[in-house]
Amino acid sequence: MFHENTIREAINTYNKSTDCIFWKDLQSNYRMMNNEFARLVGFKSSNASFNNFNDFAMPCEASDLADKFIAADQEVIRTGKPVTSIEYCRYIDGAWRVHYDRKSPLFNSRGEMIGISSHAMDVTDCPIMRSVIALTSPIGKCHRINQQQSYQLKTNYDNFDLSVLQSEILFLMLRGMSSKEIARRLGRSPRTIEKHRTKIKEKMGCQNQSQLFEKTIASGAGLFIPQSLLGKKEKSG
């Protein structure tokens, strides 16, 4: 749980950091941000006025993901629980960055929720994050490392009662990987992957991969990454 005074202190503490810290109100308008985030989104300093400034108003390409950023804000506000995301964006300086972002509910001294706080760590140079970004192309399309993306990290796909392994397999299936490719990525046998693919279709009530695409997109699950994939490297051989 974060309180107003805590986030003010954090913003001051991180003013010389490459991490991004900010506070938004209940309508997803920015109230405070540290110097690094202010610079990335086009302000000269964190002392600028942010009246009614939201993600759609950012003067950089990251504004193309405004609907996803705001949807994550509102999920935090609705559930009162943190949301963790990986964001791959291009900011005002034209550079591409990967941020590991955790948004949390923000409260005042009376315990009333007044918005959300966010701490986004710059993990652009982390090899594992680069690997994950390479996997997260839009469903059914070729991998494109030059496309902005924002994905929430979750343990599994909440609506379908899938195991952690099945969630990983579904995520990779939807990115066009064959059973052999998935088996190599997850360190399992192709036969095991095939068995779980069948189970996934049964649990989701689908007959084929096209139906899996449609159901995943309709449910919004295509915007999630199984958190367990972050620590896995492709097996050689």
# chains A, B, ... in the order shown; residues from 1 in each chain; ligands from 1
$ select_by_dssp --residues "stretch 78-201 of chain A" --states "strand (DSSP E or B)" --output "ChimeraX atom specification"
/A:83-90,96-107,113-122,149-154
$ residues_around --residues "stretch 19-36 of chain A" --least-positions-apart "4" --cutoff "6 Å" --atoms "only C-alpha atoms" --output "CSV table (one decimal) with all heavy atoms, in the first residue's frame"
chain,number,residue,atom,x,y,z
A,11,ILE,N,9.4,10.1,-5.5
A,11,ILE,CA,9.7,10.9,-6.7
A,11,ILE,C,10.9,11.8,-6.5
A,11,ILE,O,11.8,11.9,-7.4
A,11,ILE,CB,8.4,11.8,-7.0
A,11,ILE,CG1,7.4,10.8,-7.6
A,11,ILE,CG2,8.8,12.9,-8.0
A,11,ILE,CD1,6.0,11.5,-7.8
A,15,ASN,N,14.8,11.3,-8.6
A,15,ASN,CA,14.8,12.4,-9.6
A,15,ASN,C,16.1,12.3,-10.4
A,15,ASN,O,16.2,12.8,-11.5
A,15,ASN,CB,14.7,13.7,-8.9
A,15,ASN,CG,13.4,14.3,-9.1
A,15,ASN,OD1,12.6,14.0,-10.0
A,15,ASN,ND2,13.0,15.3,-8.2
A,45,SER,N,11.1,19.5,-17.1
A,45,SER,CA,11.4,19.1,-15.7
A,45,SER,C,10.1,18.6,-15.0
A,45,SER,O,9.0,18.8,-15.5
A,45,SER,CB,12.0,20.2,-14.8
A,45,SER,OG,11.0,21.1,-14.4
A,46,SER,N,10.3,17.9,-13.9
A,46,SER,CA,9.2,17.4,-13.1
A,46,SER,C,8.4,18.5,-12.4
A,46,SER,O,7.3,18.3,-11.8
A,46,SER,CB,9.6,16.4,-12.1
A,46,SER,OG,10.5,17.0,-11.2
A,52,ASN,N,-4.7,18.1,-16.2
A,52,ASN,CA,-5.5,17.4,-17.2
A,52,ASN,C,-4.6,16.7,-18.3
A,52,ASN,O,-5.0,16.5,-19.4
A,52,ASN,CB,-6.5,18.2,-17.9
A,52,ASN,CG,-7.6,18.7,-16.9
A,52,ASN,OD1,-8.0,18.0,-16.1
A,52,ASN,ND2,-7.9,20.0,-17.0
A,53,PHE,N,-3.3,16.4,-17.9
A,53,PHE,CA,-2.4,15.8,-18.8
A,53,PHE,C,-2.5,14.3,-18.6
A,53,PHE,O,-2.3,13.8,-17.5
A,53,PHE,CB,-1.0,16.3,-18.5
A,53,PHE,CG,0.1,15.6,-19.4
A,53,PHE,CD1,0.3,16.0,-20.7
A,53,PHE,CD2,0.9,14.6,-18.9
A,53,PHE,CE1,1.2,15.4,-21.5
A,53,PHE,CE2,1.8,14.0,-19.7
A,53,PHE,CZ,2.0,14.4,-21.0
A,54,ASN,N,-2.8,13.6,-19.7
A,54,ASN,CA,-2.9,12.1,-19.6
A,54,ASN,C,-2.1,11.5,-20.7
A,54,ASN,O,-1.4,12.1,-21.5
A,54,ASN,CB,-4.4,11.6,-19.6
A,54,ASN,CG,-5.1,12.0,-20.9
A,54,ASN,OD1,-4.5,12.2,-22.0
A,54,ASN,ND2,-6.4,12.2,-20.9
A,114,ILE,N,-6.8,7.6,-3.8
A,114,ILE,CA,-6.8,8.9,-4.6
A,114,ILE,C,-6.2,8.7,-6.0
A,114,ILE,O,-6.1,9.7,-6.7
A,114,ILE,CB,-6.0,10.0,-3.8
A,114,ILE,CG1,-4.6,9.5,-3.5
A,114,ILE,CG2,-6.8,10.3,-2.5
A,114,ILE,CD1,-3.7,10.6,-2.9
A,115,GLY,N,-5.8,7.5,-6.3
A,115,GLY,CA,-5.2,7.3,-7.6
A,115,GLY,C,-4.2,6.1,-7.6
A,115,GLY,O,-4.4,5.2,-6.9
A,116,ILE,N,-3.3,6.2,-8.5
A,116,ILE,CA,-2.3,5.1,-8.6
A,116,ILE,C,-0.9,5.6,-8.7
A,116,ILE,O,-0.6,6.7,-9.1
A,116,ILE,CB,-2.5,4.2,-9.9
A,116,ILE,CG1,-2.3,5.0,-11.2
A,116,ILE,CG2,-3.9,3.6,-9.9
A,116,ILE,CD1,-1.0,4.6,-11.9
A,117,SER,N,0.1,4.8,-8.1
A,117,SER,CA,1.5,5.2,-8.2
A,117,SER,C,2.1,4.2,-9.1
A,117,SER,O,1.7,3.0,-9.2
A,117,SER,CB,2.1,5.2,-6.9
A,117,SER,OG,2.1,3.9,-6.3
A,118,SER,N,3.2,4.6,-9.8
A,118,SER,CA,3.9,3.6,-10.7
A,118,SER,C,5.4,3.8,-10.6
A,118,SER,O,5.9,4.9,-10.4
A,118,SER,CB,3.5,3.9,-12.2
A,118,SER,OG,4.2,3.1,-13.1
A,119,HIS,N,6.1,2.6,-10.6
A,119,HIS,CA,7.5,2.6,-10.6
A,119,HIS,C,7.9,1.7,-11.8
A,119,HIS,O,7.7,0.5,-11.8
A,119,HIS,CB,8.1,2.0,-9.3
A,119,HIS,CG,9.6,2.0,-9.2
A,119,HIS,ND1,10.3,1.6,-8.1
A,119,HIS,CD2,10.5,2.2,-10.1
A,119,HIS,CE1,11.5,1.7,-8.3
A,119,HIS,NE2,11.7,2.1,-9.5
A,120,ALA,N,8.5,2.3,-12.8
A,120,ALA,CA,8.9,1.6,-14.0
A,120,ALA,C,10.4,1.6,-14.1
A,120,ALA,O,11.0,2.6,-14.3
A,120,ALA,CB,8.3,2.3,-15.2
A,121,MET,N,10.9,0.4,-14.0
A,121,MET,CA,12.4,0.2,-14.1
A,121,MET,C,12.8,0.1,-15.5
A,121,MET,O,12.2,-0.7,-16.3
A,121,MET,CB,12.8,-1.0,-13.3
A,121,MET,CG,12.6,-0.9,-11.8
A,121,MET,SD,13.2,-2.4,-10.9
A,121,MET,CE,12.0,-3.6,-11.4
A,122,ASP,N,13.9,0.7,-15.9
A,122,ASP,CA,14.4,0.6,-17.3
A,122,ASP,C,15.2,-0.7,-17.3
A,122,ASP,O,16.3,-0.8,-16.7
A,122,ASP,CB,15.3,1.8,-17.6
A,122,ASP,CG,15.7,1.9,-19.0
A,122,ASP,OD1,15.8,0.8,-19.7
A,122,ASP,OD2,16.1,3.0,-19.5
$ residues_around --residues "A:Leu172" --least-positions-apart "4" --cutoff "10 Å" --atoms "only C-alpha atoms" --output "MDAnalysis selection string"
chainID A and resid 135:136 139 166:168 176:179 181:182 185:186 225 229
$ atom_distance --atom1 "atom CA of A:Ser85" --atom2 "atom CA of A:Ser228"
13.4 Å
$ residues_around --residues "A:Ala221" --least-positions-apart "3" --cutoff "10 Å" --atoms "only C-alpha atoms" --output "MDAnalysis selection string"
chainID A and resid 151:152 154 156:160 171 213 215:218 224:225
$ residues_around --residues "A:Pro105" --least-positions-apart "6" --cutoff "7 Å" --atoms "only C-alpha atoms" --output "list in words"
Met1, Phe2, Val76, Ile77, Gly80, Lys81, Pro82, Met113, Gly115, Ile116 and Ser117 of chain A
$ closest_residue --among "A:Cys206, A:Cys126, A:Leu153, A:Leu212" --to "A:Leu174" --atoms "only C-alpha atoms"
A:Leu212
$ residues_around --residues "A:Gly94" --least-positions-apart "6" --cutoff "12 Å" --atoms "only C-alpha atoms" --output "PyMOL selection string"
chain A and resi 39-42+59-62+146
$ write_last_selection --atoms "all heavy atoms" --output "PDB file, in the first residue's frame"
ATOM      1  N   ARG A  39      11.199  13.965 -18.707  1.00  0.00           N
ATOM      2  CA  ARG A  39      12.044  14.141 -19.891  1.00  0.00           C
ATOM      3  C   ARG A  39      11.598  13.234 -21.027  1.00  0.00           C
ATOM      4  O   ARG A  39      11.508  13.665 -22.189  1.00  0.00           O
ATOM      5  CB  ARG A  39      13.500  13.840 -19.528  1.00  0.00           C
ATOM      6  CG  ARG A  39      14.487  14.044 -20.662  1.00  0.00           C
ATOM      7  CD  ARG A  39      15.880  13.609 -20.254  1.00  0.00           C
ATOM      8  NE  ARG A  39      15.961  12.163 -20.095  1.00  0.00           N
ATOM      9  CZ  ARG A  39      16.095  11.297 -21.109  1.00  0.00           C
ATOM     10  NH1 ARG A  39      16.138  11.751 -22.352  1.00  0.00           N
ATOM     11  NH2 ARG A  39      16.194  10.005 -20.891  1.00  0.00           N
ATOM     12  N   LEU A  40      11.281  11.971 -20.712  1.00  0.00           N
ATOM     13  CA  LEU A  40      10.907  11.004 -21.746  1.00  0.00           C
ATOM     14  C   LEU A  40       9.614  11.380 -22.460  1.00  0.00           C
ATOM     15  O   LEU A  40       9.444  11.102 -23.649  1.00  0.00           O
ATOM     16  CB  LEU A  40      10.766   9.610 -21.140  1.00  0.00           C
ATOM     17  CG  LEU A  40      12.053   8.901 -20.714  1.00  0.00           C
ATOM     18  CD1 LEU A  40      11.743   7.530 -20.139  1.00  0.00           C
ATOM     19  CD2 LEU A  40      13.030   8.772 -21.883  1.00  0.00           C
ATOM     20  N   VAL A  41       8.672  11.987 -21.712  1.00  0.00           N
ATOM     21  CA  VAL A  41       7.378  12.304 -22.319  1.00  0.00           C
ATOM     22  C   VAL A  41       7.283  13.748 -22.803  1.00  0.00           C
ATOM     23  O   VAL A  41       6.232  14.183 -23.272  1.00  0.00           O
ATOM     24  CB  VAL A  41       6.209  11.998 -21.355  1.00  0.00           C
ATOM     25  CG1 VAL A  41       6.185  10.521 -21.017  1.00  0.00           C
ATOM     26  CG2 VAL A  41       6.277  12.835 -20.089  1.00  0.00           C
ATOM     27  N   GLY A  42       8.389  14.513 -22.721  1.00  0.00           N
ATOM     28  CA  GLY A  42       8.425  15.804 -23.379  1.00  0.00           C
ATOM     29  C   GLY A  42       8.378  17.035 -22.520  1.00  0.00           C
ATOM     30  O   GLY A  42       8.219  18.150 -23.039  1.00  0.00           O
ATOM     31  N   PRO A  59       3.441  13.935 -26.128  1.00  0.00           N
ATOM     32  CA  PRO A  59       3.917  14.306 -27.458  1.00  0.00           C
ATOM     33  C   PRO A  59       5.000  13.362 -27.985  1.00  0.00           C
ATOM     34  O   PRO A  59       6.061  13.793 -28.441  1.00  0.00           O
ATOM     35  CB  PRO A  59       4.463  15.717 -27.233  1.00  0.00           C
ATOM     36  CG  PRO A  59       4.987  15.669 -25.834  1.00  0.00           C
ATOM     37  CD  PRO A  59       4.036  14.789 -25.074  1.00  0.00           C
ATOM     38  N   CYS A  60       4.733  12.072 -27.893  1.00  0.00           N
ATOM     39  CA  CYS A  60       5.693  11.074 -28.371  1.00  0.00           C
ATOM     40  C   CYS A  60       4.915   9.827 -28.793  1.00  0.00           C
ATOM     41  O   CYS A  60       3.706   9.709 -28.541  1.00  0.00           O
ATOM     42  CB  CYS A  60       6.723  10.734 -27.290  1.00  0.00           C
ATOM     43  SG  CYS A  60       6.004  10.071 -25.778  1.00  0.00           S
ATOM     44  N   GLU A  61       5.600   8.892 -29.434  1.00  0.00           N
ATOM     45  CA  GLU A  61       4.926   7.718 -29.979  1.00  0.00           C
ATOM     46  C   GLU A  61       4.310   6.818 -28.912  1.00  0.00           C
ATOM     47  O   GLU A  61       3.392   6.056 -29.192  1.00  0.00           O
ATOM     48  CB  GLU A  61       5.913   6.911 -30.829  1.00  0.00           C
ATOM     49  CG  GLU A  61       6.328   7.618 -32.109  1.00  0.00           C
ATOM     50  CD  GLU A  61       7.291   6.795 -32.938  1.00  0.00           C
ATOM     51  OE1 GLU A  61       7.086   5.579 -33.063  1.00  0.00           O
ATOM     52  OE2 GLU A  61       8.267   7.376 -33.451  1.00  0.00           O
ATOM     53  N   ALA A  62       4.806   6.909 -27.673  1.00  0.00           N
ATOM     54  CA  ALA A  62       4.247   6.093 -26.595  1.00  0.00           C
ATOM     55  C   ALA A  62       2.763   6.368 -26.383  1.00  0.00           C
ATOM     56  O   ALA A  62       2.040   5.517 -25.849  1.00  0.00           O
ATOM     57  CB  ALA A  62       5.015   6.328 -25.298  1.00  0.00           C
ATOM     58  N   ASN A 146      10.324  -3.775 -33.682  1.00  0.00           N
ATOM     59  CA  ASN A 146      10.183  -2.321 -33.779  1.00  0.00           C
ATOM     60  C   ASN A 146       8.731  -1.883 -33.618  1.00  0.00           C
ATOM     61  O   ASN A 146       8.336  -0.836 -34.108  1.00  0.00           O
ATOM     62  CB  ASN A 146      10.735  -1.822 -35.120  1.00  0.00           C
ATOM     63  CG  ASN A 146       9.947  -2.367 -36.297  1.00  0.00           C
ATOM     64  OD1 ASN A 146       9.264  -3.383 -36.173  1.00  0.00           O
ATOM     65  ND2 ASN A 146      10.041  -1.713 -37.433  1.00  0.00           N
TER      66      ASN A 146
END
$ closest_residue --among "A:Leu162, A:Gln149, A:Ala57, A:Met204" --to "A:Ile86" --atoms "only C-alpha atoms"
A:Gln149
$ closest_residue --among "A:Gln148, A:Ala38, A:Ala66, A:Asn108" --to "A:Arg90" --atoms "only C-alpha atoms"
A:Gln148
$ closest_residue --among "A:Leu230, A:Val123, A:Val164, A:Met58" --to "A:Glu87" --atoms "only C-alpha atoms"
A:Val123
$ atom_distance --atom1 "atom CA of A:Thr124" --atom2 "atom CA of A:Tyr100"
9.1 Å
$ select_by_dssp --residues "stretch 6-231 of chain A" --states "alpha helix (DSSP H)" --output "PyMOL selection string"
chain A and resi 6-13+35-40+66-79+127-135+164-174+179-186+190-204+209-219
$ atom_distance --atom1 "atom CA of A:Lys68" --atom2 "atom CA of A:Asn51"
21.0 Å
$ decode --residues "stretch 27-115 of chain A" --atoms "C-alpha atoms" --output "mmCIF file, in the first residue's frame"
data_model
loop_
_atom_site.group_PDB
_atom_site.id
_atom_site.type_symbol
_atom_site.label_atom_id
_atom_site.label_comp_id
_atom_site.auth_asym_id
_atom_site.auth_seq_id
_atom_site.Cartn_x
_atom_site.Cartn_y
_atom_site.Cartn_z
ATOM 1 C CA GLN A 27 -9.172 9.704 -13.858
ATOM 2 C CA SER A 28 -5.665 8.667 -15.025
ATOM 3 C CA ASN A 29 -4.434 12.277 -15.202
ATOM 4 C CA TYR A 30 -0.816 12.792 -14.138
ATOM 5 C CA ARG A 31 -0.310 14.633 -10.845
ATOM 6 C CA MET A 32 3.441 14.184 -10.240
ATOM 7 C CA MET A 33 6.389 12.549 -12.005
ATOM 8 C CA ASN A 34 10.156 12.383 -11.546
ATOM 9 C CA ASN A 35 12.631 14.117 -13.860
ATOM 10 C CA GLU A 36 13.419 11.063 -15.998
ATOM 11 C CA PHE A 37 9.799 10.348 -16.876
ATOM 12 C CA ALA A 38 9.123 14.051 -17.441
ATOM 13 C CA ARG A 39 12.044 14.141 -19.891
ATOM 14 C CA LEU A 40 10.907 11.004 -21.746
ATOM 15 C CA VAL A 41 7.378 12.304 -22.319
ATOM 16 C CA GLY A 42 8.425 15.804 -23.379
ATOM 17 C CA PHE A 43 8.591 18.055 -20.305
ATOM 18 C CA LYS A 44 11.689 20.053 -19.357
ATOM 19 C CA SER A 45 11.412 19.061 -15.694
ATOM 20 C CA SER A 46 9.153 17.419 -13.143
ATOM 21 C CA ASN A 47 8.130 20.910 -11.931
ATOM 22 C CA ALA A 48 5.985 21.506 -15.016
ATOM 23 C CA SER A 49 2.208 21.827 -14.761
ATOM 24 C CA PHE A 50 0.352 18.582 -15.503
ATOM 25 C CA ASN A 51 -3.231 19.869 -15.388
ATOM 26 C CA ASN A 52 -5.480 17.362 -17.210
ATOM 27 C CA PHE A 53 -2.400 15.784 -18.811
ATOM 28 C CA ASN A 54 -2.934 12.102 -19.591
ATOM 29 C CA ASP A 55 -1.324 9.406 -21.756
ATOM 30 C CA PHE A 56 -3.208 10.474 -24.894
ATOM 31 C CA ALA A 57 -1.581 13.933 -24.613
ATOM 32 C CA MET A 58 2.032 12.684 -24.529
ATOM 33 C CA PRO A 59 3.917 14.306 -27.458
ATOM 34 C CA CYS A 60 5.693 11.074 -28.371
ATOM 35 C CA GLU A 61 4.926 7.718 -29.979
ATOM 36 C CA ALA A 62 4.247 6.093 -26.595
ATOM 37 C CA SER A 63 0.857 7.855 -26.684
ATOM 38 C CA ASP A 64 -0.240 5.193 -29.195
ATOM 39 C CA LEU A 65 -0.479 2.824 -26.204
ATOM 40 C CA ALA A 66 -2.511 5.251 -24.089
ATOM 41 C CA ASP A 67 -5.594 3.042 -24.038
ATOM 42 C CA LYS A 68 -3.556 0.140 -22.621
ATOM 43 C CA PHE A 69 -1.821 2.307 -20.024
ATOM 44 C CA ILE A 70 -5.146 3.722 -18.839
ATOM 45 C CA ALA A 71 -6.801 0.284 -18.824
ATOM 46 C CA ALA A 72 -4.068 -0.901 -16.429
ATOM 47 C CA ASP A 73 -4.627 2.186 -14.233
ATOM 48 C CA GLN A 74 -8.327 1.486 -14.032
ATOM 49 C CA GLU A 75 -7.784 -2.189 -13.200
ATOM 50 C CA VAL A 76 -5.669 -1.123 -10.209
ATOM 51 C CA ILE A 77 -8.387 1.328 -9.134
ATOM 52 C CA ARG A 78 -11.185 -1.224 -9.641
ATOM 53 C CA THR A 79 -9.497 -4.143 -7.855
ATOM 54 C CA GLY A 80 -7.308 -2.306 -5.349
ATOM 55 C CA LYS A 81 -4.456 -4.619 -6.368
ATOM 56 C CA PRO A 82 -1.118 -3.940 -8.127
ATOM 57 C CA VAL A 83 -0.692 -4.598 -11.840
ATOM 58 C CA THR A 84 2.707 -5.445 -13.349
ATOM 59 C CA SER A 85 3.465 -4.896 -17.038
ATOM 60 C CA ILE A 86 6.263 -4.985 -19.589
ATOM 61 C CA GLU A 87 6.205 -1.961 -21.882
ATOM 62 C CA TYR A 88 8.248 -1.506 -25.035
ATOM 63 C CA CYS A 89 7.914 2.106 -26.199
ATOM 64 C CA ARG A 90 9.520 4.888 -28.177
ATOM 65 C CA TYR A 91 9.723 8.194 -26.327
ATOM 66 C CA ILE A 92 10.399 11.852 -27.173
ATOM 67 C CA ASP A 93 14.129 11.287 -27.794
ATOM 68 C CA GLY A 94 13.374 8.606 -30.401
ATOM 69 C CA ALA A 95 15.011 5.830 -28.367
ATOM 70 C CA TRP A 96 13.304 2.475 -27.723
ATOM 71 C CA ARG A 97 13.043 1.410 -24.079
ATOM 72 C CA VAL A 98 11.778 -1.614 -22.181
ATOM 73 C CA HIS A 99 10.207 -0.811 -18.814
ATOM 74 C CA TYR A 100 9.190 -3.250 -16.097
ATOM 75 C CA ASP A 101 6.279 -1.319 -14.613
ATOM 76 C CA ARG A 102 4.410 -1.949 -11.369
ATOM 77 C CA LYS A 103 1.312 0.151 -10.689
ATOM 78 C CA SER A 104 -0.193 0.194 -7.193
ATOM 79 C CA PRO A 105 -3.196 1.865 -5.547
ATOM 80 C CA LEU A 106 -2.393 5.180 -3.844
ATOM 81 C CA PHE A 107 -4.111 6.351 -0.658
ATOM 82 C CA ASN A 108 -4.315 9.590 1.316
ATOM 83 C CA SER A 109 -3.830 9.926 5.084
ATOM 84 C CA ARG A 110 -7.479 8.962 5.682
ATOM 85 C CA GLY A 111 -7.074 5.668 3.823
ATOM 86 C CA GLU A 112 -9.075 6.837 0.792
ATOM 87 C CA MET A 113 -7.859 5.784 -2.635
ATOM 88 C CA ILE A 114 -6.807 8.872 -4.592
ATOM 89 C CA GLY A 115 -5.170 7.301 -7.632
#
